[in-house]
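Notes to accompany the following structure.
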4 protein chains.
Amino acid sequence: MRLFGKRTNGIFLDIVGMDECYCQECVKGMIKLGLDVDDPESAKTYAKRVYFKYINAIRKTVDKYDKNMPIIHNDGGAIFQGRDIAFCNRGHFELESLPTGGWGYDHFPKAAAYARTLGRNFLGMTGKFHRSWGEFGGYKHPNALRYETALSVALGARCSIGDQLHPDGEFDEATYRLIGSAYKEIEEKEEWLGGEYIPDIALFSSEALKCSHKNNPYDIGANRVMLEGHYLYNIVDENEELDRYKLVILPDCIPLVGKLRTKIKNYVKNGGKVLLSGRSGLDENGRFALDFGVTYAGKSDYTPSYVRPLFDLEPNGQADYITYCDAYAITLDNDFDGEVIAKRTDPYFNRSVEHFCSHRHTPYDRKKTSDAVVITKDVAYIGYDIFAEYAQHGSAHVRSLVVAVIDKMLDKTLVTDLSSCGITSLFDYKDKNMLVQHLVYGIAKVRGNGVEVIEDLPYTGDVKCSIKTDKKVKSVYLAPSRQVIDFVLTDDTLSYTVPSFSCSALVVVEYE
Amino acid sequence: MRLFGKRTNGIFLDIVGMDECYCQECVKGMIKLGLDVDDPESAKTYAKRVYFKYINAIRKTVDKYDKNMPIIHNDGGAIFQGRDIAFCNRGHFELESLPTGGWGYDHFPKAAAYARTLGRNFLGMTGKFHRSWGEFGGYKHPNALRYETALSVALGARCSIGDQLHPDGEFDEATYRLIGSAYKEIEEKEEWLGGEYIPDIALFSSEALKCSHKNNPYDIGANRVMLEGHYLYNIVDENEELDRYKLVILPDCIPLVGKLRTKIKNYVKNGGKVLLSGRSGLDENGRFALDFGVTYAGKSDYTPSYVRPLFDLEPNGQADYITYCDAYAITLDNDFDGEVIAKRTDPYFNRSVEHFCSHRHTPYDRKKTSDAVVITKDVAYIGYDIFAEYAQHGSAHVRSLVVAVIDKMLDKTLVTDLSSCGITSLFDYKDKNMLVQHLVYGIAKVRGNGVEVIEDLPYTGDVKCSIKTDKKVKSVYLAPSRQVIDFVLTDDTLSYTVPSFSCSALVVVEYE
Amino acid sequence: MRLFGKRTNGIFLDIVGMDECYCQECVKGMIKLGLDVDDPESAKTYAKRVYFKYINAIRKTVDKYDKNMPIIHNDGGAIFQGRDIAFCNRGHFELESLPTGGWGYDHFPKAAAYARTLGRNFLGMTGKFHRSWGEFGGYKHPNALRYETALSVALGARCSIGDQLHPDGEFDEATYRLIGSAYKEIEEKEEWLGGEYIPDIALFSSEALKCSHKNNPYDIGANRVMLEGHYLYNIVDENEELDRYKLVILPDCIPLVGKLRTKIKNYVKNGGKVLLSGRSGLDENGRFALDFGVTYAGKSDYTPSYVRPLFDLEPNGQADYITYCDAYAITLDNDFDGEVIAKRTDPYFNRSVEHFCSHRHTPYDRKKTSDAVVITKDVAYIGYDIFAEYAQHGSAHVRSLVVAVIDKMLDKTLVTDLSSCGITSLFDYKDKNMLVQHLVYGIAKVRGNGVEVIEDLPYTGDVKCSIKTDKKVKSVYLAPSRQVIDFVLTDDTLSYTVPSFSCSALVVVEYE
Amino acid sequence: MRLFGKRTNGIFLDIVGMDECYCQECVKGMIKLGLDVDDPESAKTYAKRVYFKYINAIRKTVDKYDKNMPIIHNDGGAIFQGRDIAFCNRGHFELESLPTGGWGYDHFPKAAAYARTLGRNFLGMTGKFHRSWGEFGGYKHPNALRYETALSVALGARCSIGDQLHPDGEFDEATYRLIGSAYKEIEEKEEWLGGEYIPDIALFSSEALKCSHKNNPYDIGANRVMLEGHYLYNIVDENEELDRYKLVILPDCIPLVGKLRTKIKNYVKNGGKVLLSGRSGLDENGRFALDFGVTYAGKSDYTPSYVRPLFDLEPNGQADYITYCDAYAITLDNDFDGEVIAKRTDPYFNRSVEHFCSHRHTPYDRKKTSDAVVITKDVAYIGYDIFAEYAQHGSAHVRSLVVAVIDKMLDKTLVTDLSSCGITSLFDYKDKNMLVQHLVYGIAKVRGNGVEVIEDLPYTGDVKCSIKTDKKVKSVYLAPSRQVIDFVLTDDTLSYTVPSFSCSALVVVEYE
């Protein structure tokens with residue numbers, strides 16, 4: 001059989017997934033299993049069962065020819081549906097994510113941060129299209145593809161660029177020039193791509209934990225803060241071992257119940273640090289499951305409200321900053337050794353039938369203040385759905401506030417003054433005795449209805465970096481140029497400056 | 001009376017405008033004037049009449065105290081409603097345009113390009129808010145405000161930054177630190193702000209000509225091409241004298257009838273050049289009003305279709321590029337001396353009940369080609385709604401195609417290799433014997449639902465510029481630093497390189 | 001002042017009422033009263049307050065001229081809104097009710113049955129229109145007006161026929177011929193119109209008790225059963241003295257709590273009889289408030305279900321009759337002396353995702369039966385929303401079932417074999433020593449979209465009647481013809497036969 | 001094969017029909033036939049083709065067993081779709097028409113009036129249900145079924161009463177008692193059922209002519225006028241021979257073009273009379289195709305308008321009667337010998353933005369009158385969509401106006417004073433030398449949401465009848481009682497009085 005001849009690398013099955021169905025067959029199936037067909041959960045349960053039946057049938061068929069043939073079941077790049085579903089794929093993962101084709105530039109980094117924890121190779125699949133699949137005659141700007149492939153490798157992924165063949169079978173030269181221009185750069189870097197990603201933070205995914213839905217604002221906002229704050233992080237689920245992380249973040253909506261509660265309690269007992277926000281960390285009784293001296297008193301009466309940092313918040317200093325999200329009332333016990341670093345200020349009133357003020361929301365009443373953001377030895381708490389807030393409104397002050405809290409909790413492995421649209425990562429390539437830092441820089445601009453394009457690739461300024469490390473560093477150079485750069489090494493810290501770059505830079509730290 | 005005491009600078013009346021109304025009073029009024037109330041136009045006519053009545057009443061009242069007091073009637077920054085309405089304002093114009101407050105970063109440059117032709121001072125009004133008016137506790141990133149004010153002065157406008165006072169009357173320090181940081185830079189540049197903008201191109205506004213509605217894609221797309229192509233241009237209406245322009249553009253939907261037809265014909269007769277696209281240039285009979293050897297044969301049968309440039313189109317070379325917009329069939333007469341620089345390729349079929357292909361549209365049939373873009377001595381024609389296409393889909397190739405046509409038609413006063421998100425302008429400050437070139441660079445990024453923010457201000461590379469001029473140039477320096485830069489002067493061209501900059505740069509050319 | 005000159009009979013204020021309003025004034029008013037503006041009830045409370053303010057202002061103004069001048073505040077004939085609101089009218093009530101104008105032929109008899117208990121004169125207001133107010137050139141068939149006026153006087157009301165004057169002030173002859181033809185008949189009967197209506201049954205209105213909304217199916221269905229079953233009844237609210245009634249009906253949705261519970265318990269203690277259906281009669285705890293040996297076990301599992309009478313139900317005998325409404329599970333205690341006269345039969349299954357059968361609902365499973373209709377000494381219970389069922393589906397069997405129950409409970413004052421579309425009533429005109437029985441017969445037919453017209457006035461057969469009375473009857477004759485008819489008088493019962501008639505008949509029973 | 005064993009009477013295939021379909025197969029089929037798939041007509045054409053394919057396949061299959069087996073393809077009782085489709089049925093027609101199941105009491109008489117012209121036996125199919133198919137436990141009142149079967153035979157149809165068997169296979173006694181009660185009466189009449197229906201009027205169906213859609217108001221209104229005016233009529237299509245009719249009616253919307261025009265012209269030439277209304281009778285040029293002295297001047301400017309009869313219109317005499325429908329302007333040439341029997345009165349103005357008056361429409365301006373209804377020797381014209389008006393508004397005056405016109409045009413075969421809800425018909429049973437007149441009387445009453453029920457069967461008064469006939473009448477009696485009734489016979493007219501009856505009466509006229 002030709003299909004599984006020696007030139008077949010793997011099987012890719014597209015647009016599969018679990019859909020709830022009430023056709024005669026499925027209803028019959030549910031009843032046979034004793035499921036209650038009036039309960040919507042039953043249809044989900046059954047859909048999953050059907051899906052696994054399909055998975056097994058495929059696997060069995062493929063195995064007849066090759067038991068190691070990779071098999072990919074693609075559902076639009078979904079990866080957070082559960083480990084059982086993810087591991088239906090055989091060989092590796094493919095993260096479909098065309099930034100201009102509906103996924104946006106947010107999707108891939110979030111998926112990659114989770115894929116990094118699953119123990120397999122994975123690739124970032126983008127497309128050559130201006131927009132998306134099936135767009136004959138649509139071409140991305142070469143700079144966009146250069147950026148997207150650089151980002152793939154920076155985040156630990158392999159590369160994949162989708163095209164769609166003209167039905168007359170003739171390959172399109174412009175397409176392969178375009179793809180070639182991006183791949184040329186990757187090829188030049190290939191020697192330094194590898195090693196193990198070094199994470200500081202474990203960010204729990206509310207989607208993976210089934211605390212929220214797909215594309216929820218909690219995970220999106222938290223992932224953006226990680227990227228723009230230049231943290232080294234993974235997105236994790238409840239199966240992840242937490243020992244290797246310095247900080248755990250539970251964004252906005254993750255209760256601490258059952259096994260997760262035990263896991264987090266043990267983690268703290270062993271010296272781990274935890275950042276909670278919103279309703280995260282509450283147990284079944286609506287009390288904080290961790291004992292850090294803060295009492296939870298329910299949703300605040302005012303929405304929107306304000307946050308007033310008690311320090312100079314970047315970039316505009318002290319002020320009462322609007323927070324559109326829900327806020328939560330807390331009190332810090334006097335006995336505990338904690339610090340309130342920001343207060344909540346409430347408005348005079350909520351806008352209502354009775355009360356009205358101006359174009360938008362009501363101003364703050366300077367006298368209505370209460371504790372909002374608390375840092376204690378092990379646990380920090382932010383009394384807002386702060387990650388959703390950032391996802392939905394994008395004010396730099398909101399991110400700055402979270403960054404300020406994290407920076408007080410975390411002894412960062414990597415410190416850099418790269419500006420917010422830059423993305424950085426760090427790998428320990430032990431086989432080759434080198435640390436590799438990726439820096440990627442690009443800003444997508446809205447052009448056209450709902451299209452964010454990358455055309456310009458402007459320059460960063462010089463970027464200062466320092467790495468906490470005990471390695472005996474021999475040299476630092478830029479790859480692939482091998483241009484050596486100066487560094488300073490103290491007991492535990494390596495410092496260097498990456499000169500201004502466009503699109504991406506690769507810093508290689510050779511150690512003994 | 002205090003109101004008009006010595007500290008009153010002017011009267012600003014917000015949220016006024018002409019709304020069609022069918023209340024008893026308005027219906028009575030229409031009938032009294034003999035208007036047909038069943039005709040929707042009557043309500044518009046009457047609304048305008050009512051508006052003028054209001055205008056006159058205000059003016060009369062103000063005049064009692066001060067006949068020169070400026071009066072602004074603000075309708076969300078509307079400026080294209082007609083000269084009679086614009087000139088209801090007294091003193092100057094205010095272009096309300098908060099980029100994150102619903103106007104977007106497109107609005108101000110377009111409005112300014114038209115305001116430049118109206119013979120008065122005008123200002124660009126933005127806000128200090130993260131989003132919009134009434135947003136207590138909302139703060140823009142200082143970099144955004146630095147960018148927006150730099151853009152205002154670069155486009156010939158004065159600056160205005162809106163705030164909203166807390167009802168307790170206390171000024172907010174963070175706000176004034178923020179505004180101060182932006183105004184400090186403007187203050188430093190003040191000495192070089194002035195002179196006359198030098199335009200090459202007159203771009204007709206389909207909104208001002210009432211060929212299309214507010215926020216139409218034709219004007220938006222054409223304005224983006226002007227900015228991103230770094231052309232010196234004004235947006236004009238039918239009252240503009242065309243003598244001083246080297247090229248006139250009629251984007252997509254502007255028929256040539258009546259006085260406009262005469263004006264354009266005379267302009268061409270006197271050596272002017274014209275770029276038409278789509279249905280622009282057609283007369284009452286559906287034929288081109290200008291005689292340039294091209295016969296119009298109606299809307300093409302296929303949508304979408306493709307454009308195949310017969311030259312290496314930036315950045316991806318020769319290919320069949322998708323165009324989603326309507327295309328138009330033309331034929332170039334053999335007798336005429338014109339050049340077809342791009343062909344249209346049609347798909348095998350339109351997607352329909354009968355025909356289907358893949359995720360999106362149908363591939364091109366390589367054999368179905370016809371003339372699409374023609375350049376003759378005086379007139380160029382692009383057989384697509386190409387400006388709407390760019391507004392709606394934003395593919396770089398579409399802009400490149402238009403730029404290629406313009407660059408063949410136009411002997412540009414200013415040539416630069418600034419990348420696409422940069423904006424540049426040129427003023428002749430005759431009083432001070434200097435040319436002043438502004439360069440502004442910024443990319444807004446989508447953060448949050450529907451918010452485009454500027455936080456990072458990355459660097460350009462070095463920017464090569466050359467200016468067609470017969471001035472005797474003495475020196476070239478950067479302002480406000482007064483750092484001198486090298487230049488080369490030939491018979492008619494001045495060349496220099498602006499070193500890499502962030503946010504904005506000001507180049508001053510002193511001449512004798 | 002002419003307005004209140006000697007020719008002014010009263011003041012009629014049309015289209016007034018209580019509307020919930022959130023304008024500035026009303027919100028201000030609610031707050032001033034300490035009402036919670038977020039509670040929808042507050043707006044209702046306030047609307048009523050505003051209404052009474054209006055009422056008082058009008059009254060005060062009118063009183064300046066004439067303290068006895070009748071004042072009518074008309075809200076589309078609403079009468080069930082509460083006694084306080086009804087008694088805002090001064091002098092009498094006007095029941096606006098144009099059968100073809102949106103009210104339907106159901107509305108007036110229901111309103112009249114309640115108005116009879118309020119102690120004032122009232123009139124039935126119809127119109128001369130084919131359809132409704134403002135219909136210039138619209139004329140009812142004279143037969144319709146003859147029927148409507150006959151019905152008015154039969155139900156204890158005076159007559160009012162609305163017209164609308166042509167703006168040129170000329171009275172329309174056809175209109176007054178038409179009205180004249182109806183009024184001529186009323187005039188001929190005038191001598192016998194009067195006396196006191198004799199009711200057997202008190203039917204509680206769920207609308208008046210605020211157990212349900214306007215035009216609810218419970219009251220409509222119950223009222224139809226009263227009319228078509230030819231019962232003598234009043235519709236009552238909780239203020240009505242029950243002593244004079246032989247039977248009380250609580251249709252479908254009236255709980256027995258608070259004062260009503262006490263009133264009904266006392267009524268039963270004093271020998272009164274009660275018919276409950278559906279959820280009527282339940283107390284706060286979901287148990288029957290009256291102790292009649294039946295235990296309530298909640299809503300049945302099947303909808304629709306069936307009712308199987310254990311006797312020959314008119315007109316089709318024993319069968320399992322469909323009931324679309326909700327049914328309720330009950331059990332009759334063995335110790336109690338009650339009779340189950342009908343069983344509920346349940347279908348094999350409810351139609352659902354799992355189960356399907358044929359065009360409509362699922363057939364009955366002959367084996368699934370349980371108690372449904374129970375008659376005990378004092379109380380009868382029907383385990384369905386049986387009155388709503390009749391209102392919504394109109395099956396004769398449903399009415400027959402209720403009639404069978406009532407006829408077992410009630411020693412009827414008036415027995416007649418008049419067919420279902422006939423309406424009858426009985427008055428004791430003590431001043432004149434006579435009983436007066438009205439019989440009215442008409443059937444409205446749908447002609448046109450949503451119009452029910454009366455044109456034909458067909459004949460009844462001969463109608464047998466008997467009246468329970470202890471009067472010494474001297475003679476029985478038809479009015480106005482004074483045609484004497486035969487009668488038979490036993491100890492307590494007077495019997496006679498009304499010969500076939502069209503439209504209406506008036507039987508006068510003279511007694512000593 | 002059992003199916004076609006000796007006990008099989010025929011094949012009934014339910015819920016079939018022609019549906020437009022765009023599935024792959026149908027699209028492929030359309031293309032193969034060269035149909036334009038973008039034209040909605042193509043899908044109709046193709047659906048019909050598919051339908052005939054189905055028809056032929058069925059016929060072929062059945063023919064294998066029995067070439068005379070009746071086959072019914074039932075599409076909800078549709079009969080007006082075209083003779084080709086109707087004649088797909090083999091043997092007879094079945095007119096499905098459950099009055100309470102969605103068809104209404106209007107549907108059957110209209111379908112029967114057309115079926116009478118198709119030359120086959122047909123039956124009226126009703127159901128035993130309270131409402132419709134699948135209603136287990138739903139029973140009609142026996143009176144309703146008595147009425148419906150009496151109506152079936154009165155209109156020339158056989159009877160069919162649908163039931164639905166309980167799935168346990170047990171016949172339901174109540175159902176067969178119910179059906180039995182109706183069939184008993186039919187059985188008693190059977191001896192007199194037969195003969196040929198005698199029509200005076202040919203009423204063209206706009207649905208059959210494809211001038212309007214299914215359930216259009218023109219046909220519904222015209223059919224009601226026929227029934228309520230007690231005319232002898234058939235509903236016809238363009239294939240009907242008109243010789244035997246005394247009057248042809250073209251209601252509201254039927255143009256006279258092509259063959260129909262020739263047919264009508266010939267009919268008039270041969271002495272036929274024609275009634276036109278609305279736009280009926282116009283040719284391709286918007287002029288009357290018949291030359292009867294009336295010039296058509298287009299739709300009138302006012303809607304609604306009024307009609308003012310110049311005679312005493314039943315029942316309210318002379319007045320300006322509202323007509324909600326469109327009216328048409330005409331002028332009667334002086335030279336022609338015609339009579340204007342009613343004028344149109346126009347309102348002061350149409351209700352509009354400018355003009356308002358009261359609750360509904362604007363009163364008539366007594367001075368604005370013009371010709372509206374004209375009768376000439378051969379042709380009468382009513383300048384309104386008068387049949388749609390009656391269908392939609394049901395005012396008796398509208399019917400009276402049409403009746404007045406017809407009665408001036410037509411020498412009626414049957415004259416009767418039966419009231420409007422009665423229905424009558426006349427058959428010549430030549431085999432038995434008798435004329436048979438049916439009289440049916442019933443009024444459906446709305447009970448429940450959208451249900452019209454018949455329960456009461458009231459009595460008519462005595463009904464005077466006269467028949468234009470040259471038969472030598474021997475006796476007149478009522479069937480089945482054979483009660484002889486008096487008659488008077490003049491040269492050409494037989495007169496008798498049918499005594500008051502309930503439900504139905506059968507008059508038998510024996511002749512030599």
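In the structure tokens, the first chain shown is A, the next is B, and so on; residue numbers restart at 1 for each chain, and ligands run from 1 in the order shown.
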Next on the checklist: as a ChimeraX atom specification, please: every residue in stretch 100-282 of chain A that a backbone DSSP assignment puts in strand (DSSP E or B).
Outcome noted: /A:122-127,158-162,196-197,201-204,233-236,247-250,273-277,282
Under the rule of at most 6 Å, produce a per-residue listing of chain A near chain B: chain, number, name, the closest pair of atoms, and the distance in Å, as a Markdown table, using only C-alpha atoms.
```
| residue | atom | partner | partner_atom | distance |
| --- | --- | --- | --- | --- |
| A:Gly134 | CA | B:His359 | CA | 4.7 |
| A:Glu135 | CA | B:Arg360 | CA | 6.0 |
| A:Phe136 | CA | B:Pro363 | CA | 5.6 |
| A:Gly137 | CA | B:Tyr321 | CA | 4.3 |
| A:Gly138 | CA | B:Ile322 | CA | 5.7 |
| A:Ala174 | CA | B:Asn316 | CA | 6.0 |
| A:Asn316 | CA | B:Ala174 | CA | 5.9 |
| A:Asp320 | CA | B:Gly137 | CA | 5.5 |
| A:Tyr321 | CA | B:Gly137 | CA | 4.2 |
| A:Ile322 | CA | B:Gly137 | CA | 4.4 |
| A:Ser358 | CA | B:Gly134 | CA | 5.9 |
| A:His359 | CA | B:Gly134 | CA | 4.7 |
| A:Arg360 | CA | B:Gly134 | CA | 4.9 |
| A:Pro363 | CA | B:Phe136 | CA | 5.6 |
| A:Ala391 | CA | B:Gly448 | CA | 5.0 |
| A:Gln392 | CA | B:Gly448 | CA | 4.0 |
| A:His393 | CA | B:Gly448 | CA | 4.3 |
| A:Gly394 | CA | B:Gly448 | CA | 4.6 |
| A:Lys445 | CA | B:Lys445 | CA | 5.9 |
| A:Arg447 | CA | B:Gly394 | CA | 4.8 |
| A:Gly448 | CA | B:Gln392 | CA | 4.0 |
| A:Asn449 | CA | B:Gln392 | CA | 5.1 |
| A:Pro458 | CA | B:Thr460 | CA | 5.4 |
| A:Tyr459 | CA | B:Tyr459 | CA | 4.7 |
| A:Thr460 | CA | B:Pro458 | CA | 5.4 |
```
Checklist entry - Which of stretch 220-378 of chain B counts as alpha helix (DSSP H) under DSSP, as a PyMOL selection string please? => result chain B and resi 220-228+258-269
What's around D:Ser425 at 10 Å? Count only C-alpha atoms, leave out sequence neighbours fewer than 5 positions away in its own chain, and write the answer as a compact mmCIF listing (two decimals) with C-alpha atoms, in the first residue's frame.
```
# COMPACT_ATOMS: atom_id res chain seq x y z
CA LEU D 151 -71.55 19.59 4.58
CA VAL D 153 -72.42 15.48 0.97
CA ALA D 154 -74.09 18.84 0.43
CA LEU D 155 -71.08 20.00 -1.55
CA GLY D 156 -70.88 16.90 -3.71
CA TYR D 197 -74.44 19.85 -9.18
CA ILE D 198 -76.13 22.79 -10.98
CA PRO D 199 -73.86 25.84 -11.09
CA LEU D 227 -71.43 30.56 0.22
CA HIS D 230 -76.17 31.21 -1.38
CA TYR D 231 -75.03 31.13 -4.97
CA LEU D 232 -74.69 27.97 -7.03
CA TYR D 233 -71.09 28.11 -8.22
CA LEU D 414 -81.96 29.18 -6.66
CA VAL D 436 -82.19 17.61 -4.51
CA GLN D 437 -81.55 20.73 -2.46
CA HIS D 438 -79.22 20.51 0.53
CA LEU D 439 -79.38 23.04 3.36
CA VAL D 440 -76.74 22.95 6.11
CA LEU D 506 -82.69 17.72 2.39
```
Checklist entry - Could you name the residues that touch A:Thr469 at 10 Å or less, counting only C-alpha atoms, but leaving out those on the same chain fewer than 2 positions away, as a ChimeraX atom specification? => result /A:413-414,435,466-467,471-473,489-494
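Every protein or nucleic acid residue with an atom no more than 8 Å from B:Val373, counting only C-alpha atoms and leaving out same-chain residues fewer than 5 positions away, appears here: Val340, Ile341, Ala342, Lys343, Ala380, Tyr381, Ile382 and Gly383 of chain B.
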Next on the checklist: Taking 5 positions as the minimum chain separation for residues in the same chain, which residues sit within 9 Å of D:Lys265 when counting only C-alpha atoms? Answer as a ChimeraX atom specification.
Outcome noted: /D:260,270,289-290
Take the residues from that selection and write them out as a short mmCIF file (atom, residue, chain, number, x, y, z; two decimals), in the first residue's frame, keeping all heavy atoms.
```cif
data_model
loop_
_atom_site.label_atom_id
_atom_site.label_comp_id
_atom_site.auth_asym_id
_atom_site.auth_seq_id
_atom_site.Cartn_x
_atom_site.Cartn_y
_atom_site.Cartn_z
N LEU D 260 -56.72 33.13 -21.74
CA LEU D 260 -57.83 33.45 -20.85
C LEU D 260 -58.62 34.64 -21.42
O LEU D 260 -59.85 34.67 -21.39
CB LEU D 260 -57.33 33.76 -19.43
CG LEU D 260 -58.42 34.00 -18.40
CD1 LEU D 260 -59.35 32.79 -18.25
CD2 LEU D 260 -57.83 34.37 -17.04
N ASN D 270 -70.74 35.48 -26.73
CA ASN D 270 -71.84 34.52 -26.77
C ASN D 270 -72.90 34.79 -25.71
O ASN D 270 -73.71 33.92 -25.39
CB ASN D 270 -71.31 33.10 -26.58
CG ASN D 270 -70.39 32.73 -27.73
OD1 ASN D 270 -70.55 33.24 -28.84
ND2 ASN D 270 -69.42 31.88 -27.46
N ALA D 289 -59.28 44.71 -20.75
CA ALA D 289 -59.25 43.90 -21.98
C ALA D 289 -60.63 43.78 -22.59
O ALA D 289 -60.77 43.48 -23.77
CB ALA D 289 -58.68 42.52 -21.67
N LEU D 290 -61.67 44.00 -21.79
CA LEU D 290 -63.04 43.97 -22.31
C LEU D 290 -63.49 45.41 -22.53
O LEU D 290 -63.16 46.31 -21.76
CB LEU D 290 -63.98 43.28 -21.32
CG LEU D 290 -63.63 41.83 -20.99
CD1 LEU D 290 -64.53 41.31 -19.87
CD2 LEU D 290 -63.77 40.95 -22.23
#
```
Item to check | Atom pair atom CA of C:Ser97 / atom CA of C:Gly127: separation (Å) | outcome: 8.3 Å
Next on the checklist: Give me, as number ranges by chain, all polymer residues having an atom no more than 6 Å from stretch 237-253 of chain C, counting only C-alpha atoms and skipping those fewer than 5 positions away in the same chain.
Outcome noted: C: 200-204, 208, 273-280, 385
